[in-house]
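Undergrad: Sharing a structure with you now.
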Amino acid sequence: MAATPEKAPKDQWGRSQLVRPDSASLVGVIAVVDRIDPALAKRSAEHVLAWPRHFGLDALVVPAMKRLLQSKHRTGNGFTALHDAAVDHLRQRIAEPRIAEPLEAPRSWARPKTVRCDCEPCKQLSRFLVDPNEECWTLRAAQQIRTHVEYTIRHAPADVDCETVRRGSPHSLICTKNQASYQRRVIQRKLDLADLAILQGRPK
Ligand SMILES: [Zn+2]
């Protein structure tokens, strides 16, 4: 039976007792179990895939598969299951922007509304973000509010550069839109295509 997060041992506070592995450990485990115990190799792979948030396809599985391929390890139940999952994951993300977020530079000043906070200054920020005609927004407010809005922008993250202008009272936070999320998608796409090419380089 496949492992699921619900079945993991819990500590006295109900938290899962698991050590977060790195890709080198996963490479070691799969290299060994694939050689000595095909059934255990299959279960190990199922366990990793049942815990996507804990093990992480990007953080762990994709780099581990690249390393295994480099070391000429390209067969076995563990390798095959994890390799197929990594390829599916990359293919899906490569296809995604074409549907939800076209991989092209924004044509207006409208930017994704990524802000969750709904306090009044953040609502103003959200309205600014989706406005197709506004490149710049100036928030003149006390330091506490400016710091909060800057924090919100950084953690959203929102496609905005901030600059504090210490003139007048209160000071101003000048928010200027950028293309950061589009650039992130371009970089991600390049990395995904490169990783996919490496993962698919194995002979069938
Ligand atoms: Zn807020």
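By order in the structure tokens, chains are A, B, ...; within a chain, residues start at 1; ligands start at 1, following the order shown.
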Hey, which residues sit close to ligand 1? Say within 12 Å, counting only C-alpha atoms and all ligand atoms, and write them as a PyMOL selection string.

TA: chain A and resi 115-126+144-153+155-156

Undergrad: Within 8 Å of Val160 (chain A), counting only C-alpha atoms, which residues show up once you throw out same-chain ones fewer than 5 positions away? Write them as a list in words, please.

TA: Ile153, Cys175, Thr176, Lys177, Asn178 and Ala180 of chain A

Undergrad: Extract the full set of alpha helix (DSSP H) residues from region 58-122 of chain A according to DSSP on the backbone, and format it as a VMD selection string.

TA: chain A and resid 62 to 70 77 to 99 120 to 122

Undergrad: Fewer than 2 positions away in the same chain doesn't count, so skip those; otherwise give me all residues within 8 Å of Ala110 (chain A), counting only C-alpha atoms, as a ChimeraX atom specification.

TA: /A:106,108,112,129-134

Undergrad: Between A:Leu191, A:Cys136, A:Ala95, A:Val29, single out the one closest to Asp159 (chain A), counting only C-alpha atoms.

TA: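 Nearest candidate to Asp159 (chain A) out of A:Leu191, A:Cys136, A:Ala95, A:Val29: A:Cys136.
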
Undergrad: Which one is closest to Lys66 (chain A): A:Arg166, A:Leu40, A:Gln92, A:Val27? Count only C-alpha atoms.

TA: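 So, comparing all the options, the nearest one is A:Val27.
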
Undergrad: Neighbouring residues of Ala81 (chain A) were defined as those with any atom within 9 Å, considering only C-alpha atoms; residues of the same chain fewer than 5 positions away were excluded. Please report them as a PyMOL selection string.

TA: chain A and resi 42+45-46+49+76+86

Undergrad: Deliver the residues from the most recent selection as a file, using C-alpha atoms, as a CSV table (one decimal), in the first residue's frame.

TA:
chain,number,residue,atom,x,y,z
A,42,LYS,CA,9.2,0.9,-5.2
A,45,ALA,CA,9.7,6.1,-4.3
A,46,GLU,CA,6.0,6.0,-3.4
A,49,LEU,CA,6.1,11.0,-3.9
A,76,GLY,CA,15.3,0.1,-11.1
A,86,ALA,CA,10.2,14.5,-12.1

Undergrad: Select from chain A everything DSSP, run on the backbone, classes as strand (DSSP E or B), then give the selection as a PyMOL selection string.

TA: chain A and resi 10+16+136-140+160-165+172-177

Undergrad: I'd like the contact shell of Ser71 (chain A) - 12 Å cut-off, only C-alpha atoms, skipping same-chain residues fewer than 6 positions apart - returned as a list in words.

TA: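 Those residues are Val27, Gly28, Ala31, Ala64, Met65 and Arg202 of chain A.
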
Undergrad: What is the distance between CA of Arg35 (chain A) and CA of Ala85 (chain A), in Å to one decimal?

TA: 20.2 Å

Undergrad: Using only C-alpha atoms, which protein or nucleic acid residues come within 8 Å of Val87 (chain A)? Drop anything in the same chain fewer than 2 positions from it, and give the result as a list of chain:residue names.

TA: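 The neighbour list is A:His83, A:Asp84, A:Ala85, A:His89, A:Leu90, A:Arg91, A:Leu196, A:Leu199, A:Gln200.
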
Undergrad: Since we have the selection now, will you write its residues out, keeping C-alpha atoms, as a compact mmCIF listing (two decimals), in the first residue's frame?

TA:
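What landed in result_17.txt:
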# COMPACT_ATOMS: atom_id res chain seq x y z
CA HIS A 83 12.32 9.86 -12.76
CA ASP A 84 8.85 9.65 -14.36
CA ALA A 85 7.38 11.88 -11.65
CA HIS A 89 6.36 17.69 -13.00
CA LEU A 90 8.65 19.61 -15.39
CA ARG A 91 6.46 18.98 -18.44
CA LEU A 196 13.98 18.09 -18.80
CA LEU A 199 16.31 13.83 -17.54
CA GLN A 200 15.15 12.69 -20.97

Undergrad: As an exercise, work out the distance from CA of Gln188 (chain A) to CA of Thr114 (chain A) in Å and give it to one decimal place.

TA: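 Between CA of Gln188 (chain A) and CA of Thr114 (chain A) the gap is 18.7 Å.
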
Undergrad: At a cut-off of 9 Å, using only C-alpha atoms, what residues contact Pro21 (chain A)? Leave out same-chain residues fewer than 6 positions from it and give the result as a list in words.

TA: His54, Phe55 and Leu60 of chain A

Undergrad: For the selection you just gave me, I'd like the residues written to a file as a PDB file, in the first residue's frame, keeping N, CA and C atoms.

TA:
ATOM      1  N   HIS A  54       6.990  17.849   1.685  1.00  0.00           N
ATOM      2  CA  HIS A  54       8.120  17.571   2.557  1.00  0.00           C
ATOM      3  C   HIS A  54       9.383  17.305   1.743  1.00  0.00           C
ATOM      4  N   PHE A  55       9.266  16.425   0.750  1.00  0.00           N
ATOM      5  CA  PHE A  55      10.459  16.058  -0.016  1.00  0.00           C
ATOM      6  C   PHE A  55      10.721  17.056  -1.145  1.00  0.00           C
ATOM      7  N   LEU A  60      14.399  18.322  -4.307  1.00  0.00           N
ATOM      8  CA  LEU A  60      15.005  17.027  -4.016  1.00  0.00           C
ATOM      9  C   LEU A  60      14.993  16.056  -5.196  1.00  0.00           C
TER      10      LEU A  60
END

Undergrad: Hey, which of A:Thr75, A:Leu26, A:Ala50, A:Leu173 ends up closest to Val62 (chain A)? Count only C-alpha atoms.

TA: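 Of all the options, A:Leu26 lies closest to Val62 (chain A).
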
Undergrad: Between CA of Ala141 (chain A) and CA of Gln179 (chain A), what is the distance in Å, rounded to a tenth?

TA: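 So the two atoms, CA of Ala141 (chain A) and CA of Gln179 (chain A), lie 25.7 Å apart.
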
Undergrad: Rank nothing, just name the residue among A:Asn77, A:Gly56, A:Gln143, A:Ser169 nearest to Pro38 (chain A), using only C-alpha atoms.

TA: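 Using only C-alpha atoms, Pro38 (chain A) sits closest to A:Asn77.
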